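Next up, target-v1.cif (mmCIF, C-alpha atoms):
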data_my_file
loop_
_atom_site.label_atom_id
_atom_site.label_comp_id
_atom_site.auth_asym_id
_atom_site.auth_seq_id
_atom_site.Cartn_x
_atom_site.Cartn_y
_atom_site.Cartn_z
CA MET A 3 -58.23 -95.83 11.84
CA TYR A 4 -56.13 -98.14 9.72
CA ARG A 5 -56.46 -99.58 6.27
CA GLU A 6 -56.86 -103.26 5.58
CA VAL A 7 -54.72 -105.42 3.43
CA ASP A 8 -56.72 -104.98 0.24
CA ASP A 9 -58.10 -101.52 0.40
CA GLY A 10 -55.35 -99.77 -1.42
CA ALA A 11 -57.11 -97.02 -3.32
CA ASP A 12 -54.05 -94.90 -3.94
CA ARG A 13 -55.34 -91.54 -2.92
CA SER A 14 -54.32 -88.75 -0.69
CA GLN A 15 -55.69 -88.48 2.82
CA GLN A 16 -57.55 -85.33 1.80
CA ASP A 17 -59.25 -87.17 -1.05
CA ARG A 18 -60.33 -89.90 1.29
CA ALA A 19 -61.68 -87.43 3.83
CA ALA A 20 -63.60 -85.65 1.08
CA GLU A 21 -65.05 -88.93 -0.13
CA GLN A 22 -66.05 -89.93 3.38
CA ALA A 23 -67.80 -86.59 3.82
CA ARG A 24 -69.58 -87.02 0.50
CA LEU A 25 -70.73 -90.55 1.38
CA ARG A 26 -71.99 -89.34 4.70
CA GLU A 27 -73.98 -86.59 3.01
CA VAL A 28 -75.53 -89.08 0.56
CA MET A 29 -76.47 -91.36 3.46
CA ARG A 30 -77.97 -88.46 5.38
CA GLU A 31 -80.07 -87.42 2.36
CA GLU A 32 -81.25 -90.97 1.82
CA ARG A 33 -82.35 -91.26 5.42
CA GLU A 34 -84.15 -87.96 5.33
CA ASN A 35 -86.04 -88.96 2.20
CA ILE A 36 -87.75 -91.83 3.99
CA SER A 37 -90.28 -90.25 6.27
CA GLU A 38 -91.53 -92.07 9.34
CA GLY A 39 -95.02 -92.13 7.83
CA ASP A 40 -93.84 -94.01 4.74
CA LYS A 41 -92.48 -96.92 6.72
CA PRO A 42 -94.56 -100.09 7.27
CA ASP A 43 -96.17 -100.17 10.72
CA ASP A 44 -93.88 -102.89 11.99
CA LEU A 45 -90.80 -100.86 11.13
CA LYS A 46 -91.75 -97.57 12.73
CA THR A 47 -89.36 -96.36 15.35
CA ILE A 48 -90.91 -96.73 18.75
CA GLU A 49 -88.02 -96.32 21.12
CA HIS A 50 -85.26 -93.75 21.25
CA VAL A 51 -82.46 -94.45 23.70
CA GLY A 52 -79.79 -91.98 24.73
CA GLU A 53 -79.48 -88.25 24.27
CA PRO A 54 -77.61 -87.73 21.01
CA GLU A 55 -78.74 -84.12 20.55
CA LYS A 56 -77.58 -83.05 24.01
CA LEU A 57 -74.25 -84.81 23.61
CA ALA A 58 -73.50 -83.55 20.11
CA GLU A 59 -71.79 -80.43 21.43
CA TYR A 60 -69.02 -82.51 23.01
CA GLY A 61 -68.01 -84.29 19.81
CA THR A 62 -64.81 -83.18 18.08
CA TYR A 63 -62.84 -84.26 15.01
CA GLN A 64 -59.55 -86.12 15.40
CA GLY A 65 -58.22 -84.21 12.41
CA ASP A 66 -56.21 -85.07 9.33
CA GLU A 67 -52.93 -83.48 10.26
CA GLY A 68 -50.37 -83.86 12.97
CA GLU A 69 -48.26 -86.74 14.20
CA THR A 70 -51.08 -88.63 15.88
CA ALA A 71 -54.12 -87.64 13.79
CA GLY A 72 -54.28 -90.98 11.98
CA TYR A 73 -54.55 -93.04 15.13
CA ASP A 74 -56.26 -90.91 17.74
CA CYS A 75 -59.86 -92.04 17.37
CA VAL A 76 -59.96 -93.74 20.77
CA VAL A 77 -58.14 -90.87 22.47
CA VAL A 78 -60.53 -88.29 21.05
CA ALA A 79 -63.64 -90.41 21.68
CA GLN A 80 -62.62 -90.84 25.31
CA GLN A 81 -61.80 -87.14 25.76
CA ASN A 82 -65.13 -86.12 24.22
CA ALA A 83 -67.09 -88.57 26.36
CA LEU A 84 -65.30 -87.47 29.53
CA ASP A 85 -66.08 -83.88 28.62
CA GLY A 86 -69.74 -84.87 28.38
CA LEU A 87 -69.47 -86.56 31.76
CA GLY A 88 -68.16 -83.32 33.22
CA VAL A 89 -64.58 -84.53 33.69
CA GLU A 90 -61.90 -82.10 32.70
CA THR A 91 -59.06 -83.56 30.66
CA THR A 92 -57.16 -83.12 27.41
CA THR A 93 -56.29 -85.45 24.56
CA GLU A 94 -52.61 -85.12 25.46
CA GLU A 95 -53.28 -86.19 29.03
CA ILE A 96 -55.20 -89.20 27.73
CA ARG A 97 -52.36 -90.13 25.38
CA GLN A 98 -49.91 -89.99 28.25
CA ILE A 99 -52.10 -92.07 30.54
CA GLY A 100 -52.31 -94.75 27.84
CA GLU A 101 -48.59 -94.69 27.17
CA ASN A 102 -47.76 -95.11 30.84
CA MET A 103 -50.00 -98.11 31.43
CA ASP A 104 -48.58 -101.60 31.76
CA PRO A 105 -49.01 -102.95 29.16
CA PRO A 106 -49.38 -99.67 27.24
CA ALA A 107 -52.89 -99.09 25.95
CA TYR A 108 -51.65 -96.40 23.58
CA GLY A 109 -48.48 -95.95 21.60
CA ARG A 110 -47.07 -93.30 19.32
CA GLY A 111 -43.90 -92.16 17.69
CA GLU A 112 -40.54 -93.76 17.03
CA ASN A 113 -40.45 -95.79 20.22
CA THR A 114 -43.39 -97.91 19.13
CA TYR A 115 -41.84 -99.01 15.80
CA GLY A 116 -45.06 -98.46 13.92
CA LEU A 117 -47.31 -99.86 16.66
CA ASN A 118 -49.17 -96.59 16.89
CA GLY A 119 -52.66 -96.22 18.31
CA THR A 120 -54.81 -97.85 20.99
CA THR A 121 -55.20 -101.56 21.61
CA PRO A 122 -58.78 -102.89 21.45
CA ASP A 123 -58.45 -104.00 25.08
CA GLY A 124 -57.36 -100.49 26.00
CA VAL A 125 -60.52 -98.78 24.78
CA GLY A 126 -62.07 -97.10 27.81
CA TYR A 127 -58.82 -96.89 29.80
CA ALA A 128 -59.31 -93.17 30.35
CA PHE A 129 -62.71 -93.75 31.96
CA GLU A 130 -61.03 -95.83 34.60
CA ALA A 131 -58.09 -93.46 35.01
CA LYS A 132 -60.30 -90.39 35.36
CA GLY A 133 -62.55 -91.97 37.98
CA VAL A 134 -65.81 -92.54 36.12
CA GLY A 135 -65.49 -96.33 36.15
CA ARG A 136 -65.36 -98.65 33.20
CA ILE A 137 -67.18 -101.76 32.13
CA ASP A 138 -66.13 -103.68 29.04
CA TYR A 139 -68.27 -105.75 26.69
CA PRO A 140 -68.65 -108.50 25.74
CA PRO A 141 -68.33 -109.87 29.29
CA GLU A 142 -65.47 -112.27 29.85
CA ASN A 143 -66.19 -115.86 28.78
CA SER A 144 -69.41 -114.89 27.01
CA ASP A 145 -70.36 -115.77 23.45
CA THR A 146 -68.70 -113.01 21.44
CA SER A 147 -70.89 -113.76 18.42
CA ASP A 148 -74.18 -113.08 20.24
CA CYS A 149 -75.50 -110.01 18.48
CA THR A 150 -78.79 -109.89 20.39
CA GLU A 151 -76.98 -109.86 23.71
CA ALA A 152 -74.60 -107.18 22.46
CA ILE A 153 -77.49 -104.94 21.43
CA ASN A 154 -79.16 -105.50 24.80
CA HIS A 155 -75.98 -104.40 26.55
CA LEU A 156 -75.78 -101.32 24.34
CA ARG A 157 -79.40 -100.42 25.02
CA ASN A 158 -78.96 -100.88 28.77
CA GLU A 159 -75.85 -98.75 28.94
CA LEU A 160 -77.44 -95.95 26.90
CA SER A 161 -80.57 -96.16 29.06
CA GLU A 162 -78.43 -95.57 32.13
CA GLY A 163 -76.98 -92.39 30.64
CA HIS A 164 -73.50 -93.90 30.44
CA ALA A 165 -70.85 -92.96 27.89
CA VAL A 166 -70.31 -95.81 25.43
CA ILE A 167 -67.37 -96.20 23.08
CA ALA A 168 -67.74 -98.93 20.46
CA VAL A 169 -65.01 -100.49 18.36
CA VAL A 170 -65.94 -100.84 14.70
CA ASP A 171 -64.59 -101.57 11.27
CA THR A 172 -65.22 -98.53 9.09
CA GLU A 173 -65.81 -100.56 5.97
CA PRO A 174 -69.58 -101.06 6.41
CA LEU A 175 -69.91 -97.44 7.56
CA TRP A 176 -67.62 -95.58 5.17
CA GLY A 177 -66.96 -98.08 2.41
CA GLN A 178 -63.29 -98.41 3.31
CA PRO A 179 -61.99 -100.72 6.01
CA GLY A 180 -60.20 -99.69 9.15
CA GLY A 181 -60.17 -100.21 12.90
CA HIS A 182 -62.00 -97.33 14.51
CA ALA A 183 -63.83 -96.21 17.65
CA VAL A 184 -66.95 -94.08 17.95
CA TRP A 185 -68.80 -92.59 20.89
CA VAL A 186 -72.32 -94.03 20.73
CA THR A 187 -74.73 -91.39 21.99
CA GLY A 188 -78.08 -92.92 21.08
CA ALA A 189 -79.99 -95.67 19.31
CA ASP A 190 -83.42 -96.08 17.75
CA PHE A 191 -85.34 -99.32 17.89
CA ASN A 192 -88.38 -100.26 15.85
CA SER A 193 -91.50 -102.01 17.08
CA ASP A 194 -90.04 -105.50 16.72
CA GLY A 195 -87.06 -104.45 18.83
CA ARG A 196 -84.66 -104.28 15.92
CA LEU A 197 -81.85 -101.77 16.05
CA GLU A 198 -82.80 -99.29 13.38
CA THR A 199 -80.29 -96.47 13.77
CA VAL A 200 -77.23 -95.78 15.86
CA LYS A 201 -76.35 -92.17 16.72
CA VAL A 202 -72.72 -91.37 17.27
CA ASN A 203 -70.22 -88.64 17.75
CA ASP A 204 -67.66 -89.93 15.26
CA PRO A 205 -64.16 -88.49 15.79
CA GLY A 206 -63.10 -89.78 12.37
CA VAL A 207 -65.57 -87.61 10.51
CA GLU A 208 -65.37 -83.87 10.11
CA ASN A 209 -68.63 -82.51 11.51
CA GLY A 210 -69.24 -85.98 12.89
CA GLN A 211 -71.40 -84.84 15.80
CA ASN A 212 -74.69 -86.70 16.13
CA ILE A 213 -74.48 -88.54 12.85
CA SER A 214 -76.55 -91.66 12.22
CA TYR A 215 -75.49 -95.07 11.01
CA GLU A 216 -78.03 -97.57 9.77
CA GLY A 217 -78.51 -100.30 12.39
CA ASN A 218 -77.58 -103.20 10.10
CA LYS A 219 -74.44 -101.47 8.88
CA PHE A 220 -73.40 -100.62 12.42
CA ILE A 221 -73.91 -104.22 13.53
CA GLU A 222 -71.78 -105.45 10.64
CA ALA A 223 -69.07 -102.95 11.56
CA TRP A 224 -69.27 -103.86 15.23
CA GLU A 225 -69.33 -107.63 14.64
CA SER A 226 -65.90 -107.36 13.05
CA TYR A 227 -64.58 -106.53 16.53
CA ASP A 228 -66.71 -109.05 18.46
CA TYR A 229 -69.21 -106.34 19.48
CA ARG A 230 -66.58 -104.76 21.65
CA MET A 231 -67.48 -101.63 23.64
CA SER A 232 -66.49 -99.87 26.82
CA SER A 233 -68.91 -97.96 28.98
CA SER A 234 -68.53 -95.51 31.84
CA GLN A 235 -70.14 -96.45 35.13
CA GLU A 236 -71.18 -92.88 35.80
CA SER A 237 -74.02 -91.09 34.03
CA PHE A 238 -73.98 -87.75 32.26
CA PRO A 239 -74.63 -84.90 34.72
CA PHE A 240 -77.97 -83.99 33.14
CA TRP A 241 -79.25 -87.58 33.34
CA GLY A 242 -80.64 -87.38 36.86
CA GLU A 243 -82.19 -83.99 36.16
CA GLN A 244 -84.30 -85.17 33.25
CA GLU A 245 -85.76 -88.02 35.26
CA LYS A 246 -86.97 -85.74 38.04
CA MET B 231 -68.15 -118.11 17.78
CA SER B 232 -69.39 -121.14 15.88
CA MET B 233 -66.80 -122.88 13.75
CA SER B 234 -69.01 -125.28 11.81
CA THR B 235 -67.29 -126.67 8.74
CA ASN B 236 -70.57 -126.20 6.88
CA ASP B 237 -70.32 -122.49 7.45
CA GLU B 238 -69.75 -120.80 4.09
CA ASN B 239 -68.33 -117.85 5.97
CA LEU B 240 -65.88 -119.93 7.95
CA GLY B 241 -62.73 -118.37 6.50
CA TYR B 242 -63.97 -114.88 7.28
CA ARG B 243 -64.95 -115.97 10.78
CA TRP B 244 -61.51 -117.48 11.35
CA TRP B 245 -59.96 -114.19 10.33
CA ILE B 246 -62.17 -112.22 12.74
CA LYS B 247 -61.36 -114.67 15.51
CA VAL B 248 -57.65 -114.13 15.04
CA LYS B 249 -58.13 -110.38 14.81
CA ASN B 250 -59.85 -110.43 18.20
CA ALA B 251 -57.76 -113.05 19.96
CA PRO B 252 -56.85 -111.81 23.46
CA VAL B 253 -53.13 -111.96 22.80
CA VAL B 254 -53.71 -109.69 19.79
CA SER B 255 -56.26 -107.30 21.24
CA SER B 256 -54.13 -106.67 24.31
CA GLN B 257 -50.99 -105.77 22.37
CA ILE B 258 -51.73 -104.74 18.79
CA PRO B 259 -53.40 -101.36 18.18
CA LEU B 260 -56.68 -101.06 16.34
CA GLU B 261 -54.78 -99.12 13.74
CA ALA B 262 -52.77 -102.14 12.62
CA ALA B 263 -53.98 -104.19 9.65
CA LEU B 264 -54.10 -107.97 9.76
CA SER B 265 -52.91 -109.76 6.62
CA TYR B 266 -54.75 -112.55 4.87
CA PRO B 267 -53.74 -115.97 6.14
CA VAL B 268 -51.23 -118.25 4.48
CA CYS B 269 -51.65 -122.03 4.97
CA ALA B 270 -49.06 -124.22 6.61
CA GLN B 271 -49.49 -127.74 7.94
CA GLY B 272 -52.03 -127.66 10.76
CA GLU B 273 -51.98 -123.88 11.08
CA LEU B 274 -52.43 -120.53 9.40
CA ARG B 275 -49.83 -117.78 9.42
CA PHE B 276 -50.41 -114.05 9.38
CA PHE B 277 -48.68 -110.73 9.93
CA HIS B 278 -49.79 -107.26 10.97
CA TYR B 279 -48.67 -104.09 9.31
CA ALA B 280 -49.29 -100.40 9.73
CA VAL B 281 -50.42 -98.00 7.05
CA SER B 282 -50.12 -94.26 7.22
CA ASN B 283 -51.07 -91.78 4.52
CA GLY B 284 -51.21 -94.42 1.80
CA GLN B 285 -47.81 -95.87 2.71
CA ILE B 286 -47.23 -99.26 4.25
CA VAL B 287 -45.11 -98.37 7.24
CA ARG B 288 -43.92 -101.91 7.81
CA PRO B 289 -45.03 -105.42 8.70
CA PHE B 290 -44.30 -105.86 12.39
CA THR B 291 -45.74 -109.14 13.64
CA TYR B 292 -45.53 -112.80 12.80
CA LEU B 293 -48.52 -114.74 14.01
CA ARG B 294 -49.47 -118.43 13.93
CA ALA B 295 -52.90 -119.91 14.70
CA THR B 296 -53.92 -123.56 14.91
CA LEU B 297 -56.50 -125.28 12.75
CA PRO B 298 -59.40 -125.83 12.93
CA ASP B 299 -59.93 -124.10 16.29
CA MET B 300 -57.87 -120.98 15.41
CA GLU B 301 -56.08 -120.49 18.68
CA VAL B 302 -53.18 -118.10 18.37
CA VAL B 303 -50.10 -120.08 19.39
CA GLU B 304 -47.39 -117.60 18.51
CA LEU B 305 -47.25 -113.84 18.16
CA ILE B 306 -43.87 -112.23 17.63
CA ILE B 307 -43.74 -108.46 17.68
CA ASP B 308 -40.83 -107.30 15.61
CA ARG B 309 -39.51 -104.12 17.19
CA HIS B 310 -36.22 -104.08 15.34
CA GLY B 311 -37.05 -104.84 11.73
CA LYS B 312 -35.48 -108.31 11.75
CA LEU B 313 -38.55 -110.46 11.27
CA PHE B 314 -38.42 -110.50 7.49
CA PRO B 315 -34.71 -110.55 6.66
CA GLY B 316 -33.87 -109.24 3.23
CA LEU B 317 -37.19 -107.46 2.80
CA PRO B 318 -37.58 -103.70 3.01
CA ALA B 319 -38.44 -102.34 6.46
CA GLU B 320 -40.84 -99.88 4.85
CA PRO B 321 -42.45 -101.40 1.76
CA GLY B 322 -43.90 -98.05 0.70
CA VAL B 323 -46.91 -97.17 -1.41
CA TYR B 324 -49.76 -99.56 -1.79
CA GLY B 325 -52.16 -99.52 -4.70
CA VAL B 326 -54.98 -101.93 -5.29
CA THR B 327 -58.68 -101.27 -5.52
CA PHE B 328 -60.67 -102.28 -2.50
CA ASP B 329 -63.52 -104.74 -3.03
CA ARG B 330 -65.38 -106.14 -0.04
CA GLU B 331 -66.87 -109.15 -1.81
CA ARG B 332 -63.50 -110.14 -3.21
CA ARG B 333 -61.91 -109.87 0.21
CA ILE B 334 -64.51 -112.11 1.84
CA ALA B 335 -64.38 -114.58 -1.07
CA LEU B 336 -60.62 -114.80 -0.68
CA LEU B 337 -60.86 -115.47 3.04
CA ASN B 338 -63.58 -118.07 2.54
CA LEU B 339 -61.36 -120.13 0.22
CA ILE B 340 -58.95 -120.71 3.08
CA PRO B 341 -60.77 -123.60 4.86
CA SER B 342 -60.88 -125.61 1.66
CA LEU B 343 -57.23 -124.89 0.88
CA ALA B 344 -56.17 -125.71 4.42
CA GLN B 345 -57.89 -129.07 4.15
CA LYS B 346 -56.17 -129.89 0.84
CA TYR B 347 -52.78 -128.44 1.61
CA LEU B 348 -50.03 -130.85 0.48
CA ARG B 349 -52.48 -133.74 0.43
CA GLU B 350 -53.65 -133.10 -3.09
CA PRO B 351 -53.09 -130.52 -5.81
CA ALA B 352 -54.59 -127.12 -5.10
CA GLY B 353 -56.40 -127.28 -8.46
CA GLU B 354 -59.04 -124.77 -9.36
CA THR B 355 -59.43 -123.51 -5.79
CA GLY B 356 -55.74 -122.68 -5.77
CA GLN B 357 -56.01 -120.83 -9.07
CA THR B 358 -59.00 -118.86 -7.83
CA PHE B 359 -57.17 -117.99 -4.61
CA LEU B 360 -54.12 -116.82 -6.56
CA ARG B 361 -56.26 -114.67 -8.86
CA LEU B 362 -58.07 -113.00 -5.95
CA PHE B 363 -54.82 -112.68 -4.01
CA ASN B 364 -53.07 -110.96 -6.90
CA GLN B 365 -55.99 -108.58 -7.29
CA SER B 366 -56.21 -107.80 -3.59
CA VAL B 367 -52.70 -107.60 -2.21
CA PRO B 368 -50.37 -104.68 -2.88
CA GLU B 369 -47.29 -105.71 -4.86
CA THR B 370 -45.03 -104.44 -2.11
CA LEU B 371 -46.57 -106.82 0.43
CA LYS B 372 -46.44 -109.99 -1.67
CA PRO B 373 -42.85 -110.90 -0.67
CA PHE B 374 -43.90 -110.77 2.98
CA TYR B 375 -46.73 -113.20 2.32
CA GLU B 376 -44.37 -115.53 0.49
CA ALA B 377 -41.94 -115.33 3.38
CA LEU B 378 -44.63 -116.72 5.71
CA ASN B 379 -44.53 -120.02 3.82
CA PRO B 380 -42.95 -120.16 0.34
CA ARG B 381 -44.08 -123.76 -0.11
CA PHE B 382 -47.74 -122.71 0.06
CA PHE B 383 -47.37 -120.48 -2.98
CA GLN B 384 -45.54 -123.20 -4.91
CA TRP B 385 -48.32 -125.63 -4.04
CA LEU B 386 -51.06 -123.19 -5.10
CA SER B 387 -49.84 -123.43 -8.67
CA SER B 388 -49.83 -127.25 -8.61
#

Take the structure in the file and give it back as structure tokens.
Amino acid sequence: MYREVDDGADRSQQDRAAEQARLREVMREERENISEGDKPDDLKTIEHVGEPEKLAEYGTYQGDEGETAGYDCVVVAQQNALDGLGVETTTEEIRQIGENMDPPAYGRGENTYGLNGTTPDGVGYAFEAKGVGRIDYPPENSDTSDCTEAINHLRNELSEGHAVIAVVDTEPLWGQPGGHAVWVTGADFNSDGRLETVKVNDPGVENGQNISYEGNKFIEAWESYDYRMSSSQESFPFWGEQEK
Amino acid sequence: MSMSTNDENLGYRWWIKVKNAPVVSSQIPLEAALSYPVCAQGELRFFHYAVSNGQIVRPFTYLRATLPDMEVVELIIDRHGKLFPGLPAEPGVYGVTFDRERRIALLNLIPSLAQKYLREPAGETGQTFLRLFNQSVPETLKPFYEALNPRFFQWLSS
């Protein structure tokens, strides 16, 4: 995560984390207070895609402390997703893979002169390196502003039981801007096909397993990075089982 | 991405386009912040900087993009702290209040300013830009913006 040019609330990292947690709690309460029965018919959720509950156990927090904590969202999201896919790895191994790529997908420490973190193009590099395949969106030479197409891609990937990591700006989600990555584990669509809720394991949030972001807010956050996401080409191990 | 001049959100869209330009997304980490643009003749100029724990680590790119199509034509990554001579390598603490609407309003003034730049006085648009800019940009970063094109800031007050 980073902070944008004009977001300079001069607070400690702990204060910001506490505020993020508080905002998340308020959002969760607001969502819970609107029961499905109170919604107009045309807005009722009719389709759930993905398995956010089953995948929640793999989500972990990138932390607030340590040399790389501030810029490890992609590393942690990839490690968590690979864990869910049944691939053994560690965050340190993923950092090293990224550092050793040409060009490097990940940088840290003094040798990077402040260029710490993962490049947007690098998101998903560990999928490829650990043998589960990788497909990036939006496709090359496509219209990067096509929201409908982006949502279709997201729905398709989740429907296949693939691990999806999306690049977002945290401002619409947390109220403070920053480049960030989340593991998307599910999505809810209403009867007119609109994306209602996105379920994620968010490495930037303490207890960020299976949290929900409102569809419109997620789209706004995602649009800021041209609806960029990277998906595994292999499915979660339980995926075939549940279809039998 | 549509770049219609009738688009009220054009400045914001330009900014997103630069943020996601292939030359940027293949080299600059997500964790780097992109500055607001500064107008020059026929182009906009930007820089990236890193922030950690409320401190601006340092500006480390110089980036130019054409107008109106916003193709990035130059990206210099400053690995040795020589890009902004005379300015501190680590500008330090930043402290302004974040406001999303103000940020987007500031970006959306850019197309109009770019069209007027050096052809006519900046007038009220320039004053509005300066007001929003001063409210939105940390004091420690202002010299870096001015270094991108000092003439732009002189013109804004015209």

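For the set B:Pro380, B:Pro318, B:Pro252, B:Pro289, the residue with the smallest atom-to-atom gap to Ser265 in chain B is B:Pro289, counting all atoms listed in the file.
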
Next item on the list: On this file, the PyMOL selection byres ((chain B and resi 245-250) around 9) gives some set of residues; write that set as a PyMOL selection string.
Entry: (chain A and resi 122+225-228) or (chain B and resi 231+240-244+251-255+264+266-267+295+300-302+337)

Checklist line | Given the PyMOL selection byres ((chain A and resi 107) around 10), the residues it picks as a PyMOL selection string | finding: (chain A and resi 97-106+108-109+119-128) or (chain B and resi 256-259)

Next item on the list: Go through A:Val89, A:Pro174, A:Val169, A:Lys46 and flag the residue nearest Asp329 in chain B, using only C-alpha atoms for the distances.
Entry: A:Pro174

Notebook entry, point to check: Got a sec: who's within 10 Å of range 77-87 of chain A, counting only C-alpha atoms, leaving out chain neighbours fewer than 2 positions off, as a ChimeraX atom specification?
Noted result: /A:56-65,70-71,73-75,89-97,100,108,119-120,125-129,132-134,163-168,183-187,203-206,232-234,236-241

Notebook entry, point to check: For the atom pair CA of Leu175 in chain A and CA of Val367 in chain B, what is the interatomic distance in Å to one decimal place?
Noted result: 22.2 Å

Closest contacts (range 319-341 of chain B/range 353-361 of chain B, max 10 Å, all atoms listed in the file) as a Markdown table:
| residue | atom | partner | partner_atom | distance |
| --- | --- | --- | --- | --- |
| B:Ala335 | CA | B:Phe359 | CA | 8.7 |
| B:Leu336 | CA | B:Phe359 | CA | 6.1 |
| B:Leu337 | CA | B:Phe359 | CA | 8.9 |
| B:Asn338 | CA | B:Phe359 | CA | 9.6 |
| B:Leu339 | CA | B:Phe359 | CA | 6.7 |
| B:Ile340 | CA | B:Phe359 | CA | 8.3 |

How would the residues just picked look written out with C-alpha atoms as a PDB file, keeping the file's coordinate frame?
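File selection.pdb, as written:
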ATOM      1  CA  ALA B 335     -64.380-114.580  -1.070  1.00  0.00           C
ATOM      2  CA  LEU B 336     -60.620-114.800  -0.680  1.00  0.00           C
ATOM      3  CA  LEU B 337     -60.860-115.470   3.040  1.00  0.00           C
ATOM      4  CA  ASN B 338     -63.580-118.070   2.540  1.00  0.00           C
ATOM      5  CA  LEU B 339     -61.360-120.130   0.220  1.00  0.00           C
ATOM      6  CA  ILE B 340     -58.950-120.710   3.080  1.00  0.00           C
TER       7      ILE B 340
END

Check: What is the CA of Leu156 in chain A to CA of Pro179 in chain A distance in Å?
Finding: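 CA of Leu156 in chain A sits 22.9 Å away from CA of Pro179 in chain A.
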
Note to self: Rounded to one decimal, what separation in Å do you get between CA of Tyr347 in chain B and CA of Leu297 in chain B?
What the structure shows: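 These atoms are spaced 12.2 Å apart.
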
Notebook entry, point to check: Which of these, B:Ala270, B:Lys346, B:Glu320, B:Asp299, has the shortest distance to Arg381 in chain B once you count all atoms listed in the file?
Noted result: B:Ala270

Next item on the list: Using only C-alpha atoms, find the one residue out of A:Asp145, A:Glu151, A:Asp138, A:Glu55 that sits nearest to chain B.
Entry: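 Selected residue with least distance to chain B: A:Asp145.
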
Note to self: Running the PyMOL selection byres ((chain A and resi 211-220) around 6) on this model by hand, what would come out? Give it as an NGL selection string.
What the structure shows: :A and (54 or 58 or 61 or 174 or 197-203 or 209-210 or 221-224)

Atom completion result for range 293-304 of chain B (N, CA and C atoms) as an mmCIF file, keeping the file's coordinate frame:
data_model
loop_
_atom_site.group_PDB
_atom_site.id
_atom_site.type_symbol
_atom_site.label_atom_id
_atom_site.label_comp_id
_atom_site.auth_asym_id
_atom_site.auth_seq_id
_atom_site.Cartn_x
_atom_site.Cartn_y
_atom_site.Cartn_z
ATOM 1 N N LEU B 293 -47.470 -114.170 13.166
ATOM 2 C CA LEU B 293 -48.520 -114.740 14.010
ATOM 3 C C LEU B 293 -48.936 -116.103 13.460
ATOM 4 N N ARG B 294 -49.034 -117.095 14.347
ATOM 5 C CA ARG B 294 -49.470 -118.430 13.930
ATOM 6 C C ARG B 294 -50.715 -118.827 14.723
ATOM 7 N N ALA B 295 -51.667 -119.452 14.042
ATOM 8 C CA ALA B 295 -52.900 -119.910 14.700
ATOM 9 C C ALA B 295 -53.189 -121.342 14.264
ATOM 10 N N THR B 296 -53.667 -122.148 15.203
ATOM 11 C CA THR B 296 -53.920 -123.560 14.910
ATOM 12 C C THR B 296 -55.190 -123.732 14.083
ATOM 13 N N LEU B 297 -55.301 -124.899 13.485
ATOM 14 C CA LEU B 297 -56.500 -125.280 12.750
ATOM 15 C C LEU B 297 -57.054 -126.564 13.381
ATOM 16 N N PRO B 298 -58.375 -126.751 13.425
ATOM 17 C CA PRO B 298 -59.400 -125.830 12.930
ATOM 18 C C PRO B 298 -59.870 -124.825 13.996
ATOM 19 N N ASP B 299 -59.351 -124.908 15.219
ATOM 20 C CA ASP B 299 -59.930 -124.100 16.290
ATOM 21 C C ASP B 299 -59.428 -122.649 16.302
ATOM 22 N N MET B 300 -58.377 -122.346 15.563
ATOM 23 C CA MET B 300 -57.870 -120.980 15.410
ATOM 24 C C MET B 300 -57.445 -120.335 16.728
ATOM 25 N N GLU B 301 -56.698 -121.081 17.485
ATOM 26 C CA GLU B 301 -56.080 -120.490 18.680
ATOM 27 C C GLU B 301 -54.727 -119.917 18.258
ATOM 28 N N VAL B 302 -54.470 -118.703 18.693
ATOM 29 C CA VAL B 302 -53.180 -118.100 18.370
ATOM 30 C C VAL B 302 -52.119 -118.759 19.245
ATOM 31 N N VAL B 303 -51.125 -119.367 18.619
ATOM 32 C CA VAL B 303 -50.100 -120.080 19.390
ATOM 33 C C VAL B 303 -48.767 -119.329 19.389
ATOM 34 N N GLU B 304 -48.637 -118.375 18.498
ATOM 35 C CA GLU B 304 -47.390 -117.600 18.510
ATOM 36 C C GLU B 304 -47.653 -116.213 17.937
#
